[in-house]
file work_18.txt (compact mmCIF, C-alpha atoms)
# COMPACT_ATOMS: atom_id res chain seq x y z
CA LYS A 1 -162.11 -61.48 71.82
CA ASN A 2 -160.45 -62.31 68.49
CA ILE A 3 -157.44 -60.20 69.39
CA ILE A 4 -156.92 -61.84 72.78
CA GLU A 5 -157.23 -65.27 71.15
CA GLU A 6 -154.50 -64.29 68.69
CA TRP A 7 -152.44 -62.99 71.60
CA GLU A 8 -152.75 -66.28 73.48
CA HIS A 9 -151.87 -68.23 70.31
CA ILE A 10 -148.72 -66.16 69.74
CA VAL A 11 -147.58 -66.40 73.36
CA THR A 12 -148.24 -70.12 73.83
CA THR A 13 -147.01 -71.18 70.37
CA TYR A 14 -143.95 -69.00 69.83
CA SER A 15 -142.96 -67.88 73.37
CA PRO A 16 -141.82 -64.45 72.13
CA ARG A 17 -139.50 -62.34 74.25
CA MET A 18 -141.38 -59.24 73.12
CA ILE A 19 -144.43 -58.33 71.03
CA ASN A 20 -144.65 -55.21 68.87
CA VAL A 21 -148.30 -54.17 68.59
CA HIS A 22 -148.90 -52.36 65.29
CA ASP A 23 -151.48 -49.76 66.27
CA GLU A 24 -150.54 -46.12 65.71
CA SER A 25 -153.33 -44.79 67.95
CA PHE A 26 -153.66 -47.37 70.72
CA GLY A 27 -156.25 -46.24 73.24
CA PHE A 28 -158.22 -44.09 70.79
CA HIS A 29 -161.22 -46.29 71.57
CA LYS A 30 -160.63 -46.17 75.31
CA LYS A 31 -163.32 -48.65 76.37
CA ARG A 32 -162.12 -51.27 73.90
CA ALA A 33 -158.48 -50.72 74.88
CA MET A 34 -159.29 -51.11 78.57
CA GLU A 35 -161.20 -54.33 77.90
CA PHE A 36 -158.26 -55.68 75.90
CA LEU A 37 -155.84 -54.83 78.70
CA ASP A 38 -158.09 -56.45 81.30
CA LEU A 39 -158.18 -59.65 79.25
CA ILE A 40 -154.38 -59.75 79.01
CA ILE A 41 -154.07 -59.26 82.75
CA GLU A 42 -156.67 -61.95 83.47
CA SER A 43 -154.95 -64.40 81.11
CA GLU A 44 -151.64 -63.86 82.96
CA LEU A 45 -149.92 -63.84 79.55
CA THR A 46 -148.15 -60.58 80.28
CA VAL A 47 -145.33 -60.81 77.74
CA PRO A 48 -143.40 -57.53 77.35
CA TRP A 49 -144.91 -55.52 74.50
CA PHE A 50 -144.51 -52.19 72.76
CA VAL A 51 -147.03 -49.98 70.97
CA THR A 52 -147.34 -46.51 69.43
CA THR A 53 -150.05 -43.96 70.02
CA ARG A 54 -150.83 -40.25 69.82
CA ALA A 55 -149.79 -37.76 72.49
CA ASN A 56 -153.36 -36.56 73.01
CA ILE A 57 -154.54 -40.10 73.85
CA VAL A 58 -152.07 -40.83 76.65
CA SER A 59 -153.41 -40.64 80.21
CA PRO A 60 -152.13 -41.86 83.61
CA GLU A 61 -155.10 -44.23 83.92
CA LEU A 62 -154.43 -45.84 80.54
CA LEU A 63 -150.69 -46.10 81.17
CA HIS A 64 -151.17 -47.70 84.58
CA LYS A 65 -153.27 -50.47 83.09
CA MET A 66 -150.96 -50.87 80.08
CA LYS A 67 -147.98 -51.40 82.36
CA ASN A 68 -149.90 -53.95 84.43
CA ALA A 69 -150.64 -55.76 81.15
CA GLY A 70 -146.93 -55.97 80.31
CA CYS A 71 -146.42 -52.91 78.11
CA PHE A 72 -142.89 -51.61 78.66
CA GLY A 73 -142.70 -48.79 76.13
CA ILE A 74 -144.71 -46.40 73.99
CA GLY A 75 -143.80 -44.63 70.77
CA ILE A 76 -145.06 -41.13 70.02
CA GLY A 77 -144.95 -39.64 66.53
CA VAL A 78 -143.97 -36.07 67.39
CA GLU A 79 -142.76 -35.19 63.86
CA SER A 80 -141.64 -31.59 64.58
CA GLY A 81 -140.73 -29.32 67.47
CA ASP A 82 -141.91 -26.25 65.60
CA PRO A 83 -145.56 -25.32 66.38
CA HIS A 84 -146.16 -23.75 62.97
CA THR A 85 -144.94 -26.91 61.23
CA LEU A 86 -147.26 -29.06 63.36
CA LYS A 87 -150.17 -26.86 62.29
CA SER A 88 -149.20 -26.88 58.62
CA ILE A 89 -149.06 -30.70 58.50
CA ARG A 90 -152.34 -30.88 60.44
CA LYS A 91 -150.85 -33.10 63.12
CA GLY A 92 -153.64 -32.20 65.53
CA ILE A 93 -151.47 -32.06 68.66
CA THR A 94 -149.56 -29.33 70.49
CA LEU A 95 -146.09 -29.22 71.99
CA GLU A 96 -147.66 -29.02 75.46
CA GLN A 97 -149.64 -32.21 74.84
CA ILE A 98 -146.46 -33.94 73.71
CA LYS A 99 -144.49 -32.83 76.77
CA ARG A 100 -147.31 -33.94 79.05
CA ALA A 101 -147.54 -37.35 77.35
CA ILE A 102 -143.81 -38.02 77.72
CA LYS A 103 -143.98 -37.00 81.39
CA TYR A 104 -146.90 -39.37 81.97
CA ILE A 105 -144.98 -42.22 80.30
CA HIS A 106 -141.87 -41.62 82.40
CA ASP A 107 -143.91 -41.23 85.60
CA ALA A 108 -145.46 -44.64 84.86
CA GLY A 109 -141.97 -46.16 84.72
CA MET A 110 -142.17 -46.94 81.00
CA GLU A 111 -139.87 -46.30 78.05
CA SER A 112 -140.68 -43.44 75.68
CA HIS A 113 -139.75 -43.56 71.99
CA THR A 114 -140.11 -40.32 70.03
CA PHE A 115 -140.15 -40.05 66.24
CA PHE A 116 -139.19 -36.82 64.49
CA ILE A 117 -138.79 -35.87 60.83
CA LEU A 118 -136.66 -33.16 59.22
CA GLY A 119 -137.57 -31.66 55.86
CA PHE A 120 -141.26 -30.85 56.08
CA PRO A 121 -142.64 -28.39 53.47
CA ASN A 122 -140.78 -25.06 53.60
CA GLU A 123 -138.48 -26.32 56.37
CA THR A 124 -135.72 -23.92 57.41
CA ILE A 125 -132.60 -24.13 59.54
CA ARG A 126 -134.52 -22.34 62.29
CA THR A 127 -137.42 -24.82 62.32
CA MET A 128 -135.03 -27.78 62.24
CA TRP A 129 -133.11 -26.36 65.19
CA ARG A 130 -136.38 -25.95 67.11
CA THR A 131 -137.13 -29.61 66.46
CA ILE A 132 -133.69 -30.68 67.68
CA GLN A 133 -133.96 -28.56 70.83
CA PHE A 134 -137.47 -29.82 71.58
CA ALA A 135 -136.38 -33.44 71.15
CA ALA A 136 -133.53 -32.85 73.60
CA ARG A 137 -135.84 -31.23 76.15
CA LEU A 138 -138.20 -34.19 75.99
CA ASN A 139 -135.26 -36.51 76.71
CA SER A 140 -137.17 -39.60 75.65
CA THR A 141 -135.69 -43.04 76.22
CA TYR A 142 -135.05 -43.44 72.49
CA LEU A 143 -135.01 -40.97 69.62
CA ALA A 144 -135.62 -41.57 65.91
CA LEU A 145 -134.76 -38.56 63.76
CA GLY A 146 -135.42 -39.17 60.09
CA ILE A 147 -135.44 -37.12 56.90
CA ILE A 148 -138.69 -36.93 54.99
CA VAL A 149 -138.92 -39.23 51.98
CA PRO A 150 -141.18 -38.69 48.92
CA TYR A 151 -142.55 -42.23 48.84
CA PRO A 152 -144.60 -42.85 45.68
CA GLY A 153 -148.29 -42.15 46.13
CA THR A 154 -147.86 -39.78 49.08
CA GLU A 155 -148.75 -36.09 49.24
CA ILE A 156 -145.06 -35.27 49.71
CA ALA A 157 -144.22 -37.08 46.45
CA ARG A 158 -146.93 -35.12 44.63
CA MET A 159 -145.66 -31.83 46.07
CA ALA A 160 -142.06 -32.65 45.17
CA ALA A 161 -142.99 -33.58 41.60
CA ALA A 162 -144.84 -30.26 41.26
CA GLY A 163 -142.06 -28.26 42.91
CA GLU A 164 -144.31 -27.24 45.80
CA GLY A 165 -143.30 -26.74 49.42
CA GLY A 166 -139.76 -25.86 48.37
CA TYR A 167 -139.10 -29.46 47.32
CA LYS A 168 -136.87 -30.68 44.53
CA ILE A 169 -136.55 -34.34 43.47
CA ILE A 170 -132.89 -35.25 42.95
CA SER A 171 -133.18 -39.01 42.44
CA TYR A 172 -135.72 -41.57 41.28
CA GLU A 173 -133.53 -44.53 42.29
CA TRP A 174 -135.32 -46.64 44.92
CA LYS A 175 -132.07 -47.12 46.87
CA ASP A 176 -132.14 -43.39 47.65
CA TYR A 177 -135.56 -43.54 49.33
CA ASN A 178 -134.22 -43.95 52.86
CA LYS A 179 -135.00 -41.88 55.96
CA GLN A 180 -131.45 -42.12 57.29
CA LEU A 181 -129.01 -41.97 54.39
CA GLY A 182 -131.31 -41.50 51.42
CA ASN A 183 -130.73 -39.08 48.60
CA ALA A 184 -134.09 -38.70 46.87
CA MET A 185 -135.07 -35.13 47.60
CA GLU A 186 -133.89 -31.81 48.95
CA LEU A 187 -135.38 -28.38 49.57
CA LYS A 188 -134.57 -25.34 47.47
CA HIS A 189 -133.00 -23.61 50.47
CA LEU A 190 -131.68 -26.76 52.17
CA SER A 191 -129.45 -29.21 50.35
CA ARG A 192 -129.52 -32.92 51.11
CA ARG A 193 -126.13 -32.58 52.81
CA GLN A 194 -127.47 -29.84 55.07
CA LEU A 195 -130.42 -32.03 56.05
CA GLU A 196 -128.05 -34.89 56.86
CA LEU A 197 -125.79 -32.55 58.82
CA PHE A 198 -128.70 -31.43 60.99
CA GLN A 199 -129.76 -35.04 61.42
CA LEU A 200 -126.29 -35.85 62.78
CA ILE A 201 -126.28 -32.73 64.96
CA GLY A 202 -129.72 -33.70 66.27
CA TYR A 203 -128.61 -37.11 67.49
CA VAL A 204 -125.38 -35.84 69.06
CA TYR A 205 -127.10 -32.85 70.70
CA PHE A 206 -129.89 -35.07 72.05
CA TYR A 207 -127.48 -37.31 73.94
CA LEU A 208 -124.82 -34.78 74.96
CA SER A 209 -127.21 -32.08 76.20
CA ASN A 210 -128.73 -34.65 78.55
CA GLY A 211 -125.36 -36.01 79.70
CA ARG A 212 -126.09 -39.41 78.14
CA ILE A 213 -122.55 -40.24 77.03
CA ILE A 214 -122.97 -43.99 77.41
CA ASP A 215 -126.21 -43.91 75.41
CA LEU A 216 -124.43 -41.96 72.65
CA TYR A 217 -121.68 -44.59 72.61
CA ARG A 218 -124.28 -47.38 72.41
CA PHE A 219 -126.08 -45.53 69.62
CA VAL A 220 -122.87 -45.25 67.60
CA LEU A 221 -122.11 -48.94 68.14
CA GLN A 222 -125.61 -50.03 67.17
CA TYR A 223 -125.75 -47.86 64.07
CA ARG A 224 -122.04 -47.69 63.28
CA SER A 225 -122.49 -47.99 59.52
CA GLU A 226 -125.04 -45.16 59.54
CA ALA A 227 -122.81 -43.15 61.90
CA LEU A 228 -119.85 -43.54 59.54
CA GLY A 229 -122.11 -42.48 56.70
CA PHE A 230 -123.17 -39.38 58.63
CA VAL A 231 -119.55 -38.46 59.35
CA SER A 232 -118.55 -39.08 55.73
CA HIS A 233 -121.37 -36.87 54.47
CA PHE A 234 -120.45 -34.21 57.02
CA LEU A 235 -116.77 -34.17 55.99
CA ARG A 236 -117.71 -33.91 52.31
CA PHE A 237 -120.07 -31.06 53.16
CA ARG A 238 -117.31 -29.21 55.07
CA ARG A 239 -114.79 -29.72 52.24
CA GLY A 240 -117.34 -28.37 49.79
CA GLN A 241 -117.86 -25.31 51.99
CA ARG A 242 -114.11 -24.63 52.13
CA ARG A 243 -113.73 -24.95 48.35
CA HIS A 244 -116.68 -22.61 47.86
CA ALA A 245 -115.19 -20.10 50.32
CA SER A 246 -111.81 -20.17 48.57
call {"tool": "encode", "arguments": {"input": "work_18.txt", "output": "structure tokens"}}
result
Amino acid sequence: KNIIEEWEHIVTTYSPRMINVHDESFGFHKKRAMEFLDLIIESELTVPWFVTTRANIVSPELLHKMKNAGCFGIGIGVESGDPHTLKSIRKGITLEQIKRAIKYIHDAGMESHTFFILGFPNETIRTMWRTIQFAARLNSTYLALGIIVPYPGTEIARMAAAGEGGYKIISYEWKDYNKQLGNAMELKHLSRRQLELFQLIGYVYFYLSNGRIIDLYRFVLQYRSEALGFVSHFLRFRRGQRRHAS
């Protein structure tokens, strides 16, 4: 009841074009979620909204009601396309569950947003490539492919400080703690430039392998500063390789 009252207040007071619901496991309490959706539908305040959830929560029944309540898109934290990595980080979902969830979302006529991370403990070129290929096969509406960051207070930060998981801290400057063009950490067998190269490859492969040329163009326009940064890092990486080879 409190939530629907807040919803009505936001809609009637601010007339938002879209609402982002901050709930990383929407639908976990199915009965409560269904009641919330029913209240939105009954109120006729069906403003477009977006939410994230887990792949093992998604169901056709839930999605049908979410769409009727105005939800246009769902984000899924996939993290990795490598099954062993998913187990090691105790994600609690399988690749099959993820594929099924994305199919359900698309079948419901909704947008799918997938979130992946490169650089998990003991990451290799092979596991990163599996992640990139899996992301492309999912062909979600939108892709976010970040590089893991050792934010203070997290388990990753502790591991990096202790030299565990193949991690090595290379900067303590806060400006370097960025998932896209950060420079805080690398792995012993994967330099920061290699991680950034695979991040760039991941985005390009995702769009090109699915024939989404226009989407790739829009992506570059929307994130042109990041794209230029990726290209700059890539060119420096290639020059470094040539110097090393010579």
call {"tool": "atom_distance", "arguments": {"input": "work_18.txt", "atom1": "CA of Lys99 (chain A)", "atom2": "CA of Phe219 (chain A)"}}
result
23.5 Å
call {"tool": "residues_around", "arguments": {"input": "work_18.txt", "residues": "Asp107 (chain A)", "least_positions_apart": "5", "cutoff": "12 Å", "atoms": "only C-alpha atoms", "output": "list of chain:residue names"}}
result
A:Ser59, A:Pro60, A:Glu61, A:Leu63, A:His64, A:Lys67, A:Arg100, A:Ala101, A:Ile102, A:Ser112
call {"tool": "closest_residue", "arguments": {"input": "work_18.txt", "among": "A:Thr124, A:Ile4, A:Leu143, A:Glu186", "to": "Ala161 (chain A)", "atoms": "all atoms listed in the file"}}
result
A:Glu186
call {"tool": "closest_residue", "arguments": {"input": "work_18.txt", "among": "A:Met66, A:Pro150, A:Glu79, A:Lys179", "to": "Ala162 (chain A)", "atoms": "all atoms listed in the file"}}
result
A:Pro150
call {"tool": "residues_around", "arguments": {"input": "work_18.txt", "residues": "Gly92 (chain A)", "least_positions_apart": "2", "cutoff": "10 Å", "atoms": "all atoms listed in the file", "output": "JSON, numbers by chain"}}
result
{"A": [54, 55, 56, 86, 87, 88, 89, 90, 94]}
call {"tool": "atom_distance", "arguments": {"input": "work_18.txt", "atom1": "CA of Val204 (chain A)", "atom2": "CA of Arg218 (chain A)"}}
result
12.1 Å
call {"tool": "atom_distance", "arguments": {"input": "work_18.txt", "atom1": "CA of Ile148 (chain A)", "atom2": "CA of Ile117 (chain A)"}}
result
5.9 Å
call {"tool": "residues_around", "arguments": {"input": "work_18.txt", "residues": "Met18 (chain A)", "least_positions_apart": "4", "cutoff": "10 Å", "atoms": "all atoms listed in the file", "output": "JSON, numbers by chain"}}
result
{"A": [11, 46, 47, 48, 49, 50, 70, 71, 72]}
call {"tool": "residues_around", "arguments": {"input": "work_18.txt", "residues": "Trp129 (chain A)", "least_positions_apart": "4", "cutoff": "8 Å", "atoms": "all atoms listed in the file", "output": "ChimeraX atom specification"}}
result
/A:125,133,198
call {"tool": "closest_residue", "arguments": {"input": "work_18.txt", "among": "A:Ala69, A:Tyr142, A:Val51, A:Tyr167", "to": "Asp215 (chain A)", "atoms": "all atoms listed in the file"}}
result
A:Tyr142
call {"tool": "axis_aligned_box", "arguments": {"input": "work_18.txt", "around": "region 176-180 of chain A", "padding_each_side": "5 Å", "output": "AutoDock Vina command-line options"}}
result
--center_x -133.5 --center_y -42.9 --center_z 52.5 --size_x 14.1 --size_y 12.1 --size_z 19.6
call {"tool": "closest_residue", "arguments": {"input": "work_18.txt", "among": "A:Pro121, A:Gly166, A:Gly81, A:Gly153", "to": "Leu138 (chain A)", "atoms": "only C-alpha atoms"}}
result
A:Gly81
call {"tool": "closest_residue", "arguments": {"input": "work_18.txt", "among": "A:Phe36, A:Tyr217, A:Phe206, A:Phe28", "to": "Thr141 (chain A)", "atoms": "only C-alpha atoms"}}
result
A:Phe206
call {"tool": "closest_residue", "arguments": {"input": "work_18.txt", "among": "A:Ser191, A:Thr131, A:Thr154, A:Asn68", "to": "Leu95 (chain A)", "atoms": "all atoms listed in the file"}}
result
A:Thr131
